[in-house]
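Encoded as structure tokens, the structure appears first; notes follow it.
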Amino acid sequence: MRGIVRAAAYLPYWRLQRASIGAFHGVGGKGTRSVASYDEDPTTMAVEAARLALAGTSVDPQVLWFSSSTPTYLEKTNATIAHAALQLSTSCAAFDMGGAVRSGIGALRAALASNTDTLVLAADVRTGLPNSPDESASGDAGAAILVGESPDLLAGYLGGSSATREFLDRWRAPGDQRTKQWEEKFAQNHYVELVGQAWTAALEQSGLAADDVDLVTIATTHARAGGAVGKQLGRPVADNLAATVGTAGAAQAALLLIAALEQASIGQIVALVALSDGADVLLFRVTGAAASARTVADQLAGGNDALPYAKYLAWRGVMSPEPPRRPEPARVSASAAGRSVDWKFGFVGSRDRESGALHMPPARVSFDGGNIDDMDPAPMAAAVGTVVTFTIDRMAYSPSPPVIFAVVDFDGGGRLPIELTDTTPEGVQVGTRVEMTFRRLNAADGIANYFWKARPIR
Amino acid sequence: MSSHGIKDKVAIIGMGCTPFREHWDKGTDDLLIDAANETFGSAGLDKDQVDAYWLGTAQSGMSGVTLAAPLKLQRKPVTRVENYCATGSEALRQACYAVAAGAYDTAMAIGVEKVKDSGFQGLNAFPIPNDGTNRTLTAAAMFSLVAPAYAEKYGVDPIVLRRTLARIASKNHHNGVHNPRAQFRREMDVDAICAMPALAGQLSVMDCAGVADGSAAAIVCRAEDAHRYTDKPLYVKALSFVAGNGSGLLDPSYDYTTFAECQWAAEDAYAQAGITDPRSQLAMAEVHDCFTPTELVLMEDLGFSQRGEAWSDIESGMFDLGGELPINPDGGLKSFGHPVGASGLRMLFECWLQLRGEAPEDRRITTADRGLALTHNLGGYPGEMVSFVGIWGTELDH
């Protein structure tokens, strides 16, 4: 049967209390929204979600699709970066399906309708002007869904349908921080009408009655329409994470589907309803237990909501605090990066076949014994290690000083002095256990510099 | 090991050193001309009488033209060298070898760095195109890893060690007070240093060497010719250099309490010079005190203290100006700042003054009659560095 083979969502560590927005602007809010760290972007969050989804497997998808309404690159494909980070085969195609929020559900539906093993990634760093409803109600997240044929599915795909019509709900010009919106009721009327069509058609296609659906999860950036549609469909509606994460744009549909699948019981039928420039309904039967080592619930419990609003504004580039008076990084050399793709994007070192000595970055000559060109690749992205010593650098250039830097010894051998992230100067000590995470270190000349950092295991 | 050295084959016959300052009114050319002219005068030679030149600069210029153009040298071989923070010493090393080989009768080694034109504080290496995965930590942060590791390994109370590190800075500042060429000439007491805010690890700005522009130079000739130029030459007893292979960054057994490259360079230099007990045989040493923990560890790596005992030797005053082995009597990098290409030759300049009895009385060492001095540079980081050790003497061995 065709369906979802593996799936995982990624929520960044940092959360912003909406009350802290209120404390600054004078108008309060409740709950939290998730915030991508200064060193995360849609590509890195998609990679993190995929790493969670694919952990411990040796799947070899033939196609990778990446969706985001806030991609780091235009013109250049972002999916190839995820492809490199995940060490997928050269024969695996990698495409962006980007720009619109609807591209997230679109990629998923297309993958389900195809006959190839397809890794669907979606992620967004949501923007909005200070004190806007979007700033408060949005959240940053990534999601990864591997679609394919398997006797051991997480969820079988029962059928789906879409309803499309041109009407103006929300729009954003390329490069703008702000998304604008027409009067809400105008789009709401369209959504209510279109979802009725799509819902009926999806049920018919699946041979189901409405009462067969155990759980509906509704992904939309239009909160009023989402609420109305939930009542209209008359089935139990899953938590849309508005109070904790916020709406995650192009990642929202996959994120909410994963959260719903994780909380549903085996045998239950889950409907994903997406409202964005139309209505899309996909129906699944839960056939396996949640496979992600970190469920959405785990990640909701593991975040840190102490992020100051000022730091949030600085991370999103809305506010530009004085940087350290050090030279800013130079742009990455494309040809140098091209020679070290496996190291830079995949965190693959090398291991001396004779002595076993681990080299990060990979080396041709061993520091232990001096053998030449006698190494095997040593994939280290999944390795965990321990901080043996660390320092806080308040002078080095960083997009968000200070730099927290540790010497990490990996379980099973190997040492790397490397920057830490998702922590604070007080949050690290000798003995802290760390894992690797794919990050965007900085950017220069429009070139994002991707590499790996370590973060405390939580 | 076949490091034979060139003991007693080459002599230093003239030296010069500019004040180390934020020389807003002097460029690289001015600094080179000032240091060179002082050195020509010291040796009683003019530029045409020096057969070959080695210029050390990390990033103030490229090629020998950087020196040949401002000095208007005619038909002279000029080589520009770079070897991290040991760049000045590297220039000297090459000049000495050329004379020892018989290729030239006389050679000048000159080092310069014009740091203060970058517009940034601190030292900043110019970017070499790369894949973006290199560490971008400051040197201060990398060296800040040393102090906690040392405290842990030898069971020294971190608060006690904090004061020991401050004492190193205080001692070097005290020495610098008496040096008109030094940039910072103010006493800094231990309490004031300990009260400074941390910038990198536990290190404050007072644990770091300053930044300065400067230039220093030496002229060398064959040892047998030395007395044609000066009554008080210094003889080259040892020149050693080790470029680390970076394995300290990869090797989990490295514990950040020692710099192997420095220990190896010292061992080689002592073997070349025939020194068996450096603490009692040397009159003084100028060591690379880029950060206070560096000088702490160097006392052990250079064989002046037993492992784990440098901190208590420092506390006992052993390395003070009037101590058993004065370290950095000119004030060190701490008082001078660190114009990368010039520092190694600036260190040698202090040996030149002290061993020849020409240092001002208020910072004159009492051990000068031992007749041997050591200079040391390192460049890079713990785990991946270069190290130079040179030994200089007033007498030829018979």
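We label chains A, B, ... in the order they appear in the structure tokens, count residues from 1 in each chain, and number ligands from 1 in the order shown.
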
Let's see if you can do this: from backbone DSSP, list all alpha helix (DSSP H) residues in stretch 201-359 of chain A, as an mmCIF file with C-alpha atoms, in the first residue's frame.
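Written file, states_23.cif:
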data_model
loop_
_atom_site.group_PDB
_atom_site.id
_atom_site.type_symbol
_atom_site.label_atom_id
_atom_site.label_comp_id
_atom_site.auth_asym_id
_atom_site.auth_seq_id
_atom_site.Cartn_x
_atom_site.Cartn_y
_atom_site.Cartn_z
ATOM 1 C CA ALA A 201 -14.923 14.364 -3.183
ATOM 2 C CA ALA A 202 -12.172 12.989 -0.934
ATOM 3 C CA LEU A 203 -14.636 10.851 1.017
ATOM 4 C CA GLU A 204 -16.141 9.539 -2.197
ATOM 5 C CA GLN A 205 -12.767 8.720 -3.622
ATOM 6 C CA SER A 206 -11.840 6.873 -0.437
ATOM 7 C CA ALA A 223 -7.725 31.322 11.684
ATOM 8 C CA ARG A 224 -11.371 32.344 11.287
ATOM 9 C CA ALA A 225 -11.878 30.083 8.294
ATOM 10 C CA GLY A 226 -10.161 27.245 10.131
ATOM 11 C CA GLY A 227 -12.547 27.577 13.056
ATOM 12 C CA ALA A 228 -15.594 27.778 10.822
ATOM 13 C CA VAL A 229 -14.536 24.769 8.752
ATOM 14 C CA GLY A 230 -13.945 22.713 11.890
ATOM 15 C CA LYS A 231 -17.544 23.289 12.946
ATOM 16 C CA GLN A 232 -18.789 22.735 9.427
ATOM 17 C CA LEU A 233 -17.201 19.280 9.111
ATOM 18 C CA GLN A 252 1.810 23.759 8.632
ATOM 19 C CA ALA A 253 -0.035 20.986 6.771
ATOM 20 C CA ALA A 254 2.731 18.423 7.245
ATOM 21 C CA LEU A 255 3.357 19.508 10.848
ATOM 22 C CA LEU A 256 -0.301 19.133 11.845
ATOM 23 C CA LEU A 257 -0.662 15.844 9.975
ATOM 24 C CA ILE A 258 2.349 14.442 11.815
ATOM 25 C CA ALA A 259 1.058 15.700 15.174
ATOM 26 C CA ALA A 260 -2.326 14.140 14.481
ATOM 27 C CA LEU A 261 -0.845 10.805 13.372
ATOM 28 C CA GLU A 262 1.304 10.739 16.486
ATOM 29 C CA GLN A 263 -1.686 11.115 18.765
ATOM 30 C CA VAL A 296 5.760 16.941 18.392
ATOM 31 C CA ALA A 297 4.626 16.524 22.001
ATOM 32 C CA ASP A 298 8.200 15.747 23.086
ATOM 33 C CA GLN A 299 9.484 18.823 21.330
ATOM 34 C CA LEU A 300 6.721 21.014 22.714
ATOM 35 C CA ALA A 301 7.772 19.938 26.196
ATOM 36 C CA GLY A 302 11.478 20.435 25.467
ATOM 37 C CA TYR A 309 11.602 39.733 22.409
ATOM 38 C CA ALA A 310 14.570 41.974 21.548
ATOM 39 C CA LYS A 311 16.622 38.926 20.619
ATOM 40 C CA TYR A 312 13.779 37.611 18.495
ATOM 41 C CA LEU A 313 13.656 40.912 16.613
ATOM 42 C CA ALA A 314 17.423 40.847 16.129
ATOM 43 C CA TRP A 315 17.391 37.246 14.905
ATOM 44 C CA ALA A 334 31.847 27.609 -4.032
ATOM 45 C CA SER A 335 34.675 25.477 -5.361
ATOM 46 C CA ALA A 336 36.170 24.872 -1.898
ATOM 47 C CA ALA A 337 32.718 23.977 -0.586
ATOM 48 C CA GLY A 338 32.204 21.793 -3.627
ATOM 49 C CA ARG A 339 35.287 19.748 -2.771
ATOM 50 C CA VAL A 341 30.381 18.593 0.287
ATOM 51 C CA ASP A 342 30.354 15.428 2.373
ATOM 52 C CA TRP A 343 32.088 17.169 5.276
ATOM 53 C CA LYS A 344 30.439 20.562 5.090
#

Enumerate, in order of chain and increasing residue number, the residues of chain B with an atom no farther than 8 Å from chain A, each with its shortest atom pair and distance in Å to one decimal, counting only C-alpha atoms, as a tab-separated table.
residue	atom	partner	partner_atom	distance
B:Phe120	CA	A:Arg326	CA	5.9
B:Gln121	CA	A:Arg325	CA	7.1
B:Asn124	CA	A:Pro327	CA	7.5
B:Pro127	CA	A:Ala330	CA	6.7
B:Pro129	CA	A:Ser333	CA	5.5
B:Asn130	CA	A:Ser333	CA	5.4
B:Asp131	CA	A:Ala337	CA	4.2
B:Gly132	CA	A:Val332	CA	5.3
B:Thr133	CA	A:Phe451	CA	6.3
B:Arg135	CA	A:Ile418	CA	7.3
B:Thr136	CA	A:Ala396	CA	7.0
B:Leu137	CA	A:Ala396	CA	5.6
B:Thr138	CA	A:Ala396	CA	5.4
B:Ala140	CA	A:Asp393	CA	7.9
B:Ala141	CA	A:Asp393	CA	5.4
B:Met142	CA	A:Thr391	CA	7.7
B:Ser144	CA	A:Thr391	CA	6.8
B:Leu145	CA	A:Thr391	CA	6.4
B:Ala149	CA	A:Thr389	CA	7.5
B:Leu199	CA	A:Arg394	CA	5.1
B:Ala200	CA	A:Asp393	CA	4.4
B:Gly201	CA	A:Thr391	CA	4.6
B:Asn245	CA	A:Phe367	CA	7.8
B:Ser247	CA	A:Phe367	CA	6.0
B:Leu249	CA	A:Leu416	CA	6.5
B:Leu250	CA	A:Arg415	CA	5.0
B:Asp251	CA	A:Arg415	CA	6.1
B:Pro252	CA	A:Arg415	CA	5.6

Exercise for the section: Enumerate as a PyMOL selection string all residues of stretch 142-331 of chain B assigned to strand (DSSP E or B) by DSSP on the backbone, naming them with the chain letters and numbers the document uses. Expected result: chain B and resi 198-200+203-204+208+213-222+234-243+284-286+291+327

Exercise for the section: Using only C-alpha atoms, pick whichever of A:Gly98, A:Gly317, A:Gly139, A:Gly22 has the shortest atom-to-atom distance to A:Ser69. Expected result: A:Gly98

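Atom CA of A:Arg126 is found 10.6 Å from atom CA of A:Val101.
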
Problem - Distance in Å - atom CA of B:Thr18 versus atom CA of B:Glu38 - result: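 Going from atom CA of B:Thr18 over to atom CA of B:Glu38 covers 8.5 Å.
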
Handout entry: All residues 9 Å or closer to stretch 61-66 of chain B, only C-alpha atoms, same chain fewer than 4 positions away omitted, as a ChimeraX atom specification
Key = /B:28-29,53-55,57,70,77-81,113

Handout entry: B:Lys9 surroundings by only C-alpha atoms, 12 Å radius, close-in-sequence under 2 positions cut, as a PyMOL selection string
Key = chain B and resi 4-7+11-12+96-102+105+220-226+234-239+273+392-393+395-397

Completion exercise
Taken to one decimal, the atom CA of B:Asn172-atom CA of B:Asp277 distance is 23.8 Å

Exercise for the section: Tell me which protein, DNA and RNA residues are within 9 Å of B:Asp330, counting only C-alpha atoms, leaving out same-chain ones fewer than 2 positions away, and put them as a VMD selection string. Expected result: chain B and resid 172 175 to 179 181 to 182 286 327 to 328 332 335 to 336 347 350 363

Exercise for the section: Have a look at A:Ala9, A:Thr116, A:Ala248, A:Val216 and name the one nearest to A:Ser68; count only C-alpha atoms. Expected result: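 Result for the nearest residue to A:Ser68: A:Ala248.
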